[in-house]
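Below you'll find the structure, written out as structure tokens, and then a few comments.
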Amino acid sequence: MNQPATNLFPLRKATRRPVPDGYRGALVREVSPHPGDVLRATWHPTPTGRRHRLGPGALLLIWTPSSSGGMDVTAHLGLNTMDVTLATWPGLRGEWSATVHPTVYEVLALHSALRVARKTLATV
């Protein structure tokens with residue numbers, strides 16, 4: 001039986017090249033709790049027209065070649081009212097997904113916990 005395509009890819013397969021043309025970056029969709037383990041992502045298209053916000057809890061990684069020969073990586077987090085720059089890692093070399101993994105994992109886990117707490121408090 002054929003499984004439907006999810007368009008998920010291991011981030012480590014894309015880290016050595018710039019974000020492809022037509023895409024803003026990669027949305028992190030799955031994060032293993034094990035440090036340095038695989039992050040799975042989908043490409044996030046470049047918005048046309050006015051800028052589109054990320055959804056609450058969405059984490060977008062954007063990377064561009066740095067002048068030092070590595071990659072400048074920026075993480076953006078979608079909140080209810082705005083997107084915020086979460087972290088930047090300048091000049092990362094080689095396969096850098098293990099470097100950003102701890103921050104991505106902790107932030108997404110914290111956002112999920114806060115969402116549960118907010119929903120719980122709303123029912124009290």
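So you can find residues: chains in the structure tokens are A, B, ... in the order shown, residues in each start at 1, and ligands are numbered from 1 in order.
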Could you produce a table of the residues of region 50-90 of chain A lying within 9 Å of region 28-34 of chain A, with the nearest pair of atoms per residue and their separation in Å rounded to one decimal, using only C-alpha atoms, ordered by chain and increasing residue number, as JSON lines?
{"residue": "A:Ala58", "atom": "CA", "partner": "A:Val28", "partner_atom": "CA", "distance": 7.4}
{"residue": "A:Leu59", "atom": "CA", "partner": "A:Val28", "partner_atom": "CA", "distance": 5.7}
{"residue": "A:Leu60", "atom": "CA", "partner": "A:Val28", "partner_atom": "CA", "distance": 6.3}
{"residue": "A:Leu61", "atom": "CA", "partner": "A:Val28", "partner_atom": "CA", "distance": 7.4}
Worksheet entry | Who sits within 10 Å of Ala87 (chain A), only C-alpha atoms, same chain under 3 positions skipped, as a list in words |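 That gives Leu61, Val73, Thr74, Ala75, His76, Leu77, Val84, Pro90, Val100, Thr103 and Val104 of chain A.
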Practice prompt. Among the residues of chain A, find those DSSP assigns to strand (DSSP E) from the backbone and print them as JSON, numbers by chain.
Written response: {"A": [9, 10, 23, 24, 25, 26, 27, 28, 29, 30, 31, 39, 40, 41, 42, 43, 44, 45, 59, 60, 61, 62, 63, 64, 65, 71, 72, 73, 74, 75, 76, 77, 78, 83, 84, 85, 86, 87, 88, 89, 90, 91, 92]}
Create the file for the chosen residues now, containing C-alpha atoms and written as an mmCIF file, in the first residue's frame.
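The result, written out as again_6.cif:
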data_model
loop_
_atom_site.group_PDB
_atom_site.id
_atom_site.type_symbol
_atom_site.label_atom_id
_atom_site.label_comp_id
_atom_site.auth_asym_id
_atom_site.auth_seq_id
_atom_site.Cartn_x
_atom_site.Cartn_y
_atom_site.Cartn_z
ATOM 1 C CA PHE A 9 12.647 15.718 5.110
ATOM 2 C CA PRO A 10 15.484 15.371 7.613
ATOM 3 C CA TYR A 23 11.317 29.193 -0.286
ATOM 4 C CA ARG A 24 11.626 31.381 2.788
ATOM 5 C CA GLY A 25 13.072 28.602 4.955
ATOM 6 C CA ALA A 26 12.145 25.308 6.577
ATOM 7 C CA LEU A 27 9.303 24.808 9.069
ATOM 8 C CA VAL A 28 10.304 22.356 11.779
ATOM 9 C CA ARG A 29 7.548 19.709 12.010
ATOM 10 C CA GLU A 30 9.110 16.965 14.158
ATOM 11 C CA VAL A 31 11.771 17.171 16.847
ATOM 12 C CA LEU A 39 14.809 17.409 12.996
ATOM 13 C CA ARG A 40 12.183 16.925 10.285
ATOM 14 C CA ALA A 41 10.951 19.897 8.312
ATOM 15 C CA THR A 42 8.957 21.030 5.303
ATOM 16 C CA TRP A 43 9.887 23.847 2.964
ATOM 17 C CA HIS A 44 8.014 27.093 3.627
ATOM 18 C CA PRO A 45 7.298 29.000 0.393
ATOM 19 C CA LEU A 59 9.245 27.444 14.142
ATOM 20 C CA LEU A 60 10.904 28.560 10.918
ATOM 21 C CA LEU A 61 14.626 28.153 10.263
ATOM 22 C CA ILE A 62 16.214 30.400 7.655
ATOM 23 C CA TRP A 63 19.836 30.076 6.581
ATOM 24 C CA THR A 64 22.055 31.958 4.172
ATOM 25 C CA PRO A 65 25.738 31.672 3.297
ATOM 26 C CA MET A 71 25.811 29.464 7.156
ATOM 27 C CA ASP A 72 24.077 32.188 9.151
ATOM 28 C CA VAL A 73 21.034 30.511 10.702
ATOM 29 C CA THR A 74 18.046 32.313 12.228
ATOM 30 C CA ALA A 75 15.077 30.777 14.033
ATOM 31 C CA HIS A 76 11.696 32.548 14.024
ATOM 32 C CA LEU A 77 8.824 31.543 16.313
ATOM 33 C CA GLY A 78 5.171 32.251 15.605
ATOM 34 C CA ASP A 83 6.468 36.382 14.894
ATOM 35 C CA VAL A 84 9.659 36.820 16.904
ATOM 36 C CA THR A 85 13.308 36.141 16.199
ATOM 37 C CA LEU A 86 14.119 33.373 18.601
ATOM 38 C CA ALA A 87 17.836 32.866 18.016
ATOM 39 C CA THR A 88 20.645 33.407 15.559
ATOM 40 C CA TRP A 89 23.700 31.277 14.955
ATOM 41 C CA PRO A 90 26.265 33.064 12.741
ATOM 42 C CA GLY A 91 28.817 31.206 10.628
ATOM 43 C CA LEU A 92 27.799 27.604 11.353
#
Given only C-alpha atoms, how would the per-residue table for region 67-102 of chain A near region 14-17 of chain A read, listing every residue at most 8 Å away with its closest atom pair and distance in Å to one decimal, sorted by chain and number, as JSON lines?
{"residue": "A:Met71", "atom": "CA", "partner": "A:Arg16", "partner_atom": "CA", "distance": 7.8}
{"residue": "A:Arg93", "atom": "CA", "partner": "A:Arg16", "partner_atom": "CA", "distance": 8.0}
{"residue": "A:Gly94", "atom": "CA", "partner": "A:Arg16", "partner_atom": "CA", "distance": 5.9}
{"residue": "A:Glu95", "atom": "CA", "partner": "A:Thr15", "partner_atom": "CA", "distance": 5.6}
{"residue": "A:Trp96", "atom": "CA", "partner": "A:Thr15", "partner_atom": "CA", "distance": 6.4}
{"residue": "A:Ser97", "atom": "CA", "partner": "A:Thr15", "partner_atom": "CA", "distance": 7.0}
Discussion item. For a quick check of understanding, using only C-alpha atoms, which of A:Asn7, A:Ser66, A:Thr120, A:Thr99 has the smallest distance to Gly36 (chain A)?
Written reply: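 Once distances to Gly36 (chain A) are computed over only C-alpha atoms, the minimum belongs to A:Thr99.
Distance-wise, CA of Gly70 (chain A) and CA of Pro102 (chain A) end up 19.8 Å apart.
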Worksheet item: From the list A:Ser67, A:Met82, A:Pro35, A:Pro56, which residue is nearest Ser112 (chain A) when using only C-alpha atoms?
Response: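 Once distances to Ser112 (chain A) are computed over only C-alpha atoms, the minimum belongs to A:Pro56.
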Practice prompt. Report the residues of chain A whose backbone DSSP state falls under helix (DSSP H, G or I), written as a ChimeraX atom specification.
Written response: /A:11-13,97-123
Fill in: Residue neighbourhood His111 (chain A), 9 Å, only C-alpha atoms, exclusion window fewer than 3 positions, as a PyMOL selection string
chain A and resi 56-57+79+106-108+114-116
Write a file of the just-selected residues containing N, CA, C and O atoms, as a PDB file, in the first residue's frame.
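The resulting file, part_31.pdb, is shown below:
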ATOM      1  N   PRO A  56       0.798  30.187  15.443  1.00  0.00           N
ATOM      2  CA  PRO A  56       1.298  30.047  16.809  1.00  0.00           C
ATOM      3  C   PRO A  56       2.012  28.702  17.002  1.00  0.00           C
ATOM      4  O   PRO A  56       1.489  27.656  16.648  1.00  0.00           O
ATOM      5  N   GLY A  57       3.218  28.772  17.519  1.00  0.00           N
ATOM      6  CA  GLY A  57       4.007  27.571  17.765  1.00  0.00           C
ATOM      7  C   GLY A  57       4.815  27.086  16.587  1.00  0.00           C
ATOM      8  O   GLY A  57       5.583  26.136  16.704  1.00  0.00           O
ATOM      9  N   LEU A  79       4.021  33.441  17.365  1.00  0.00           N
ATOM     10  CA  LEU A  79       3.231  33.599  18.579  1.00  0.00           C
ATOM     11  C   LEU A  79       1.813  34.004  18.178  1.00  0.00           C
ATOM     12  O   LEU A  79       1.538  34.209  16.997  1.00  0.00           O
ATOM     13  N   GLU A 106      13.654  22.637  22.985  1.00  0.00           N
ATOM     14  CA  GLU A 106      13.206  23.273  24.229  1.00  0.00           C
ATOM     15  C   GLU A 106      12.112  24.305  23.976  1.00  0.00           C
ATOM     16  O   GLU A 106      11.131  24.377  24.716  1.00  0.00           O
ATOM     17  N   VAL A 107      12.258  25.111  22.948  1.00  0.00           N
ATOM     18  CA  VAL A 107      11.269  26.158  22.673  1.00  0.00           C
ATOM     19  C   VAL A 107       9.934  25.549  22.253  1.00  0.00           C
ATOM     20  O   VAL A 107       8.874  25.980  22.725  1.00  0.00           O
ATOM     21  N   LEU A 108       9.967  24.547  21.386  1.00  0.00           N
ATOM     22  CA  LEU A 108       8.704  23.931  20.963  1.00  0.00           C
ATOM     23  C   LEU A 108       8.031  23.198  22.122  1.00  0.00           C
ATOM     24  O   LEU A 108       6.808  23.243  22.255  1.00  0.00           O
ATOM     25  N   LEU A 114       2.914  25.695  27.497  1.00  0.00           N
ATOM     26  CA  LEU A 114       2.184  26.938  27.773  1.00  0.00           C
ATOM     27  C   LEU A 114       0.793  26.911  27.136  1.00  0.00           C
ATOM     28  O   LEU A 114      -0.173  27.404  27.720  1.00  0.00           O
ATOM     29  N   ARG A 115       0.683  26.312  25.958  1.00  0.00           N
ATOM     30  CA  ARG A 115      -0.618  26.204  25.292  1.00  0.00           C
ATOM     31  C   ARG A 115      -1.566  25.329  26.119  1.00  0.00           C
ATOM     32  O   ARG A 115      -2.731  25.670  26.317  1.00  0.00           O
ATOM     33  N   VAL A 116      -1.056  24.210  26.638  1.00  0.00           N
ATOM     34  CA  VAL A 116      -1.868  23.327  27.480  1.00  0.00           C
ATOM     35  C   VAL A 116      -2.284  24.049  28.757  1.00  0.00           C
ATOM     36  O   VAL A 116      -3.444  23.985  29.180  1.00  0.00           O
TER      37      VAL A 116
END
